[in-house]
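Asker: data-v5.pdb (PDB, C-alpha atoms) pasted underneath:
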```
ATOM      1  CA  MET K   1      -2.244  10.757   3.755
ATOM      2  CA  TYR K   2       0.773   9.319   1.929
ATOM      3  CA  LYS K   3       3.775  11.596   1.520
ATOM      4  CA  GLU K   4       5.271  11.538  -1.956
ATOM      5  CA  LYS K   5       8.945  11.500  -0.916
ATOM      6  CA  TYR K   6       8.588   9.448   2.301
ATOM      7  CA  PHE K   7      10.840   6.381   2.563
ATOM      8  CA  ASP K   8       9.748   3.531   4.821
ATOM      9  CA  ALA K   9      12.985   1.792   5.796
ATOM     10  CA  ARG K  10      11.123  -1.030   7.524
ATOM     11  CA  LYS K  11       9.539  -2.121   4.242
ATOM     12  CA  GLY K  12      12.197  -0.611   2.004
ATOM     13  CA  ILE K  13       9.849   1.047  -0.471
ATOM     14  CA  GLN K  14       9.446   4.490  -1.912
ATOM     15  CA  MET K  15       6.068   5.839  -0.868
ATOM     16  CA  ASN K  16       5.649   7.631  -4.197
ATOM     17  CA  LEU K  17       4.400   4.249  -5.440
ATOM     18  CA  PHE K  18       1.019   5.260  -4.021
ATOM     19  CA  THR K  19       1.082   8.570  -5.893
ATOM     20  CA  GLU K  20       1.747   6.767  -9.176
ATOM     21  CA  ILE K  21      -1.168   4.381  -8.606
ATOM     22  CA  LYS K  22      -3.548   7.198  -7.656
ATOM     23  CA  SER K  23      -2.686   9.061 -10.849
ATOM     24  CA  ALA K  24      -3.352   5.940 -12.958
ATOM     25  CA  VAL K  25      -6.569   4.613 -11.354
ATOM     26  CA  SER K  26      -9.472   6.501  -9.795
ATOM     27  CA  ALA K  27     -11.642   5.219  -6.968
ATOM     28  CA  LYS K  28     -14.582   5.167  -9.399
ATOM     29  CA  GLU K  29     -12.684   2.963 -11.886
ATOM     30  CA  ALA K  30     -11.661   0.564  -9.108
ATOM     31  CA  ALA K  31     -15.202   0.397  -7.715
ATOM     32  CA  ILE K  32     -16.620  -0.472 -11.137
ATOM     33  CA  PHE K  33     -13.860  -3.051 -11.702
ATOM     34  CA  TYR K  34     -14.600  -4.729  -8.345
ATOM     35  CA  GLY K  35     -18.351  -4.940  -9.000
ATOM     36  CA  VAL K  36     -19.840  -1.831  -7.405
ATOM     37  CA  LYS K  37     -22.657  -0.493  -9.579
ATOM     38  CA  VAL K  38     -22.013   3.209 -10.077
ATOM     39  CA  GLY K  39     -24.903   5.323 -11.342
ATOM     40  CA  ARG K  40     -25.095   8.686 -12.981
ATOM     41  CA  GLY K  41     -23.191  11.377 -11.190
ATOM     42  CA  GLY K  42     -20.848   8.794  -9.637
ATOM     43  CA  MET K  43     -23.272   7.724  -6.887
ATOM     44  CA  ALA K  44     -23.314   4.120  -5.619
ATOM     45  CA  CYS K  45     -24.543   2.022  -2.730
ATOM     46  CA  CYS K  46     -21.728   1.888  -0.189
ATOM     47  CA  PRO K  47     -20.108  -1.555   0.046
ATOM     48  CA  PHE K  48     -18.871  -0.797   3.582
ATOM     49  CA  HIS K  49     -22.257  -0.760   5.306
ATOM     50  CA  SER K  50     -25.808  -1.962   4.706
ATOM     51  CA  ASP K  51     -27.066   0.497   2.124
ATOM     52  CA  LYS K  52     -30.305   0.424   0.113
ATOM     53  CA  HIS K  53     -29.968   3.824  -1.535
ATOM     54  CA  PRO K  54     -26.840   5.315  -3.113
ATOM     55  CA  SER K  55     -24.915   7.232  -0.471
ATOM     56  CA  MET K  56     -21.346   6.988  -1.791
ATOM     57  CA  LYS K  57     -19.902   9.546  -4.188
ATOM     58  CA  LEU K  58     -17.123   8.206  -6.398
ATOM     59  CA  ASP K  59     -14.653  10.100  -8.567
ATOM     60  CA  ASN K  60     -10.867  10.273  -8.009
ATOM     61  CA  ARG K  61     -11.669   9.755  -4.326
ATOM     62  CA  PHE K  62     -14.682   8.277  -2.560
ATOM     63  CA  HIS K  63     -16.917   9.548   0.220
ATOM     64  CA  CYS K  64     -19.924   7.872   1.822
ATOM     65  CA  PHE K  65     -22.467  10.257   3.292
ATOM     66  CA  GLY K  66     -23.998   7.381   5.287
ATOM     67  CA  CYS K  67     -21.063   5.842   7.179
ATOM     68  CA  GLY K  68     -18.428   8.526   6.599
ATOM     69  CA  ALA K  69     -15.973   6.271   4.748
ATOM     70  CA  ASP K  70     -13.609   8.488   2.798
ATOM     71  CA  GLY K  71     -10.312   8.207   0.948
ATOM     72  CA  ASP K  72      -8.473   7.527  -2.271
ATOM     73  CA  VAL K  73      -8.339   4.441  -4.487
ATOM     74  CA  ILE K  74      -5.819   2.699  -2.214
ATOM     75  CA  ASN K  75      -8.029   3.267   0.845
ATOM     76  CA  PHE K  76     -10.997   1.918  -1.138
ATOM     77  CA  VAL K  77      -9.220  -1.345  -1.997
ATOM     78  CA  GLU K  78      -7.872  -1.625   1.569
ATOM     79  CA  ARG K  79     -11.385  -1.450   3.008
ATOM     80  CA  MET K  80     -12.995  -3.540   0.282
ATOM     81  CA  PHE K  81     -10.635  -6.497   0.721
ATOM     82  CA  GLY K  82      -9.210  -5.973   4.237
ATOM     83  CA  LEU K  83      -5.655  -5.384   3.005
ATOM     84  CA  SER K  84      -2.696  -3.315   4.125
ATOM     85  CA  PRO K  85      -1.847  -0.223   2.045
ATOM     86  CA  LEU K  86       1.060  -2.006   0.335
ATOM     87  CA  ASP K  87      -1.029  -5.110  -0.451
ATOM     88  CA  ALA K  88      -3.822  -2.902  -1.793
ATOM     89  CA  ALA K  89      -1.292  -1.128  -4.021
ATOM     90  CA  ARG K  90       0.023  -4.462  -5.278
ATOM     91  CA  LYS K  91      -3.531  -5.655  -5.983
ATOM     92  CA  LEU K  92      -4.280  -2.524  -7.999
ATOM     93  CA  ILE K  93      -1.039  -2.907  -9.967
ATOM     94  CA  ALA K  94      -1.850  -6.532 -10.778
ATOM     95  CA  ASP K  95      -5.565  -6.056 -11.516
ATOM     96  CA  PHE K  96      -5.124  -2.970 -13.707
ATOM     97  CA  HIS K  97      -1.874  -4.205 -15.325
ATOM     98  CA  LEU K  98      -0.010  -1.056 -14.332
ATOM     99  CA  ASN K  99       3.619  -0.761 -15.354
ATOM    100  CA  ILE K 100       4.825   0.289 -11.906
ATOM    101  CA  ASP K 101       7.810  -1.305 -10.168
ATOM    102  CA  THR K 102       7.111  -2.567  -6.638
ATOM    103  CA  TYR K 103      10.766  -3.198  -5.841
ATOM    104  CA  THR K 104      11.239  -3.789  -2.152
ATOM    105  CA  ALA K 105      14.750  -3.841  -0.808
ATOM    106  CA  SER K 106      15.751  -5.201   2.552
ATOM    107  CA  PRO K 107      16.400  -2.491   5.130
ATOM    108  CA  PRO K 108      20.028  -1.432   5.489
ATOM    109  CA  LYS K 109      21.914  -3.005   8.372
ATOM    110  CA  SER K 110      22.860  -0.648  11.135
ATOM    111  CA  ALA K 111      26.496  -0.068  12.058
ATOM    112  CA  LYS K 112      25.889  -1.756  15.412
ATOM    113  CA  THR K 113      24.691  -4.965  13.740
ATOM    114  CA  ASN K 114      27.691  -5.020  11.406
ATOM    115  CA  LYS K 115      30.086  -4.482  14.324
ATOM    116  CA  HIS K 116      28.405  -7.278  16.257
ATOM    117  CA  ASN K 117      28.670  -9.678  13.306
ATOM    118  CA  ASN K 118      32.346  -8.812  12.793
ATOM    119  CA  GLU K 119      33.108  -9.537  16.469
ATOM    120  CA  HIS K 120      31.597 -13.020  16.182
ATOM    121  CA  THR K 121      33.503 -13.694  12.968
ATOM    122  CA  THR K 122      36.754 -12.604  14.612
ATOM    123  CA  TYR K 123      36.026 -14.786  17.644
ATOM    124  CA  PHE K 124      35.444 -17.892  15.520
ATOM    125  CA  VAL K 125      38.605 -17.304  13.497
ATOM    126  CA  ILE K 126      40.652 -16.994  16.698
ATOM    127  CA  CYS K 127      39.125 -20.188  18.152
ATOM    128  CA  PHE K 128      40.004 -22.212  15.103
ATOM    129  CA  LEU K 129      43.526 -20.796  14.866
ATOM    130  CA  VAL K 130      44.495 -21.767  18.425
TER
END
```
Would you write out, as structure tokens, the structure that this file holds?

Answerer:
Amino acid sequence: MYKEKYFDARKGIQMNLFTEIKSAVSAKEAAIFYGVKVGRGGMACCPFHSDKHPSMKLDNRFHCFGCGADGDVINFVERMFGLSPLDAARKLIADFHLNIDTYTASPPKSAKTNKHNNEHTTYFVICFLV
């Protein structure tokens, strides 16, 4: 789902952040941390629908045989708390005290924007010089 080398210029982050988190925390570890009771064999009652009997399998990923919910640890936290992928990643980093940098840079300005800003600067300089 997340490409390791993908760069999202809108948010200015390296998408390999997700890969680092997934290698450090499993869906099963996150589920236990957030209060889901996981039984033998990694089976649990699904927190995403009304469930009386264990229907969710948890290991590195999760899959519910009842409602079809499926994904990795980031998807699990997204669904559990109603977060975006980046916010879920940040929550996992904070909650599990992971030493992962979430540096977000502002997107680079396009050449058109810079040209436009320079034209206004030139105009104001000319107005004040006259």

Asker: Closest to Gly82 (chain K) among K:Asp95, K:Phe48, K:Ser55, K:Asp101, using all atoms listed in the file?

Answerer: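 With all atoms listed in the file as the atom set, the closest residue is K:Phe48.
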
Asker: Measuring between only C-alpha atoms, which one of K:Val36, K:Ala31, K:Ala94, K:Cys45 shows the shortest distance to Val77 (chain K)?

Answerer: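 Among K:Val36, K:Ala31, K:Ala94, K:Cys45, it is K:Ala31 that comes nearest to Val77 (chain K).
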
Asker: Would you please work out which residue, of K:Leu86, K:Val73, K:Leu98, K:Ile93, is nearest to Glu29 (chain K) when using all atoms listed in the file?

Answerer: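 Going through K:Leu86, K:Val73, K:Leu98, K:Ile93 one by one, the smallest distance to Glu29 (chain K) is for K:Val73.
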
Asker: Quick one: of K:Met80, K:Ala88, K:Cys46, K:Ile100, who's nearest to Tyr34 (chain K), counting all atoms listed in the file?

Answerer: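 Checking each of K:Met80, K:Ala88, K:Cys46, K:Ile100 against Tyr34 (chain K), counting all atoms listed in the file, the winner is K:Met80.
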
Asker: What does the distance between CA of Met56 (chain K) and CA of Arg90 (chain K) come to in Å, to one decimal place?

Answerer: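 CA of Arg90 (chain K) lies at a distance of 24.5 Å from CA of Met56 (chain K).
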
Asker: Please evaluate the PyMOL selection byres ((chain K and resi 53) around 12) against the structure above and give the resulting residues as an MDAnalysis selection string.

Answerer: chainID K and resid 37:39 43:47 49:52 54:57 64:66

Asker: For the residues in the current selection, export C-alpha atoms as an mmCIF file, keeping the file's coordinate frame.

Answerer:
```
data_model
loop_
_atom_site.group_PDB
_atom_site.id
_atom_site.type_symbol
_atom_site.label_atom_id
_atom_site.label_comp_id
_atom_site.auth_asym_id
_atom_site.auth_seq_id
_atom_site.Cartn_x
_atom_site.Cartn_y
_atom_site.Cartn_z
ATOM 1 C CA LYS K 37 -22.657 -0.493 -9.579
ATOM 2 C CA VAL K 38 -22.013 3.209 -10.077
ATOM 3 C CA GLY K 39 -24.903 5.323 -11.342
ATOM 4 C CA MET K 43 -23.272 7.724 -6.887
ATOM 5 C CA ALA K 44 -23.314 4.120 -5.619
ATOM 6 C CA CYS K 45 -24.543 2.022 -2.730
ATOM 7 C CA CYS K 46 -21.728 1.888 -0.189
ATOM 8 C CA PRO K 47 -20.108 -1.555 0.046
ATOM 9 C CA HIS K 49 -22.257 -0.760 5.306
ATOM 10 C CA SER K 50 -25.808 -1.962 4.706
ATOM 11 C CA ASP K 51 -27.066 0.497 2.124
ATOM 12 C CA LYS K 52 -30.305 0.424 0.113
ATOM 13 C CA PRO K 54 -26.840 5.315 -3.113
ATOM 14 C CA SER K 55 -24.915 7.232 -0.471
ATOM 15 C CA MET K 56 -21.346 6.988 -1.791
ATOM 16 C CA LYS K 57 -19.902 9.546 -4.188
ATOM 17 C CA CYS K 64 -19.924 7.872 1.822
ATOM 18 C CA PHE K 65 -22.467 10.257 3.292
ATOM 19 C CA GLY K 66 -23.998 7.381 5.287
#
```

Asker: Measure the distance from CA of Ser26 (chain K) to CA of Phe81 (chain K) in Å and round it to one decimal.

Answerer: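 Separation of CA of Ser26 (chain K) and CA of Phe81 (chain K): 16.8 Å.
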
Asker: To one decimal place, how far is CA of Ile21 (chain K) from CA of Leu58 (chain K) in Å?

Answerer: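 Taking CA of Ile21 (chain K) as the start and CA of Leu58 (chain K) as the end point, the length is 16.6 Å.
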
Asker: Counting only C-alpha atoms, figure out which residue out of K:Ala27, K:Cys67, K:Leu17, K:Leu83 gets nearest to Gly42 (chain K).

Answerer: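 Checking each candidate against Gly42 (chain K), we get K:Ala27 as the closest.
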
Asker: Anything within 6 Å of (-9.0, 13.0, -3.5): list those residues as a PyMOL selection string, counting all atoms listed in the file and sticking to the file's coordinates.

Answerer: chain K and resi 60-61+72

Asker: Between K:Phe18, K:Glu78, K:Asp70, K:Ala24, which one has atoms that come closest to Asn99 (chain K), using only C-alpha atoms?

Answerer: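 Closest to Asn99 (chain K), using only C-alpha atoms: K:Ala24.
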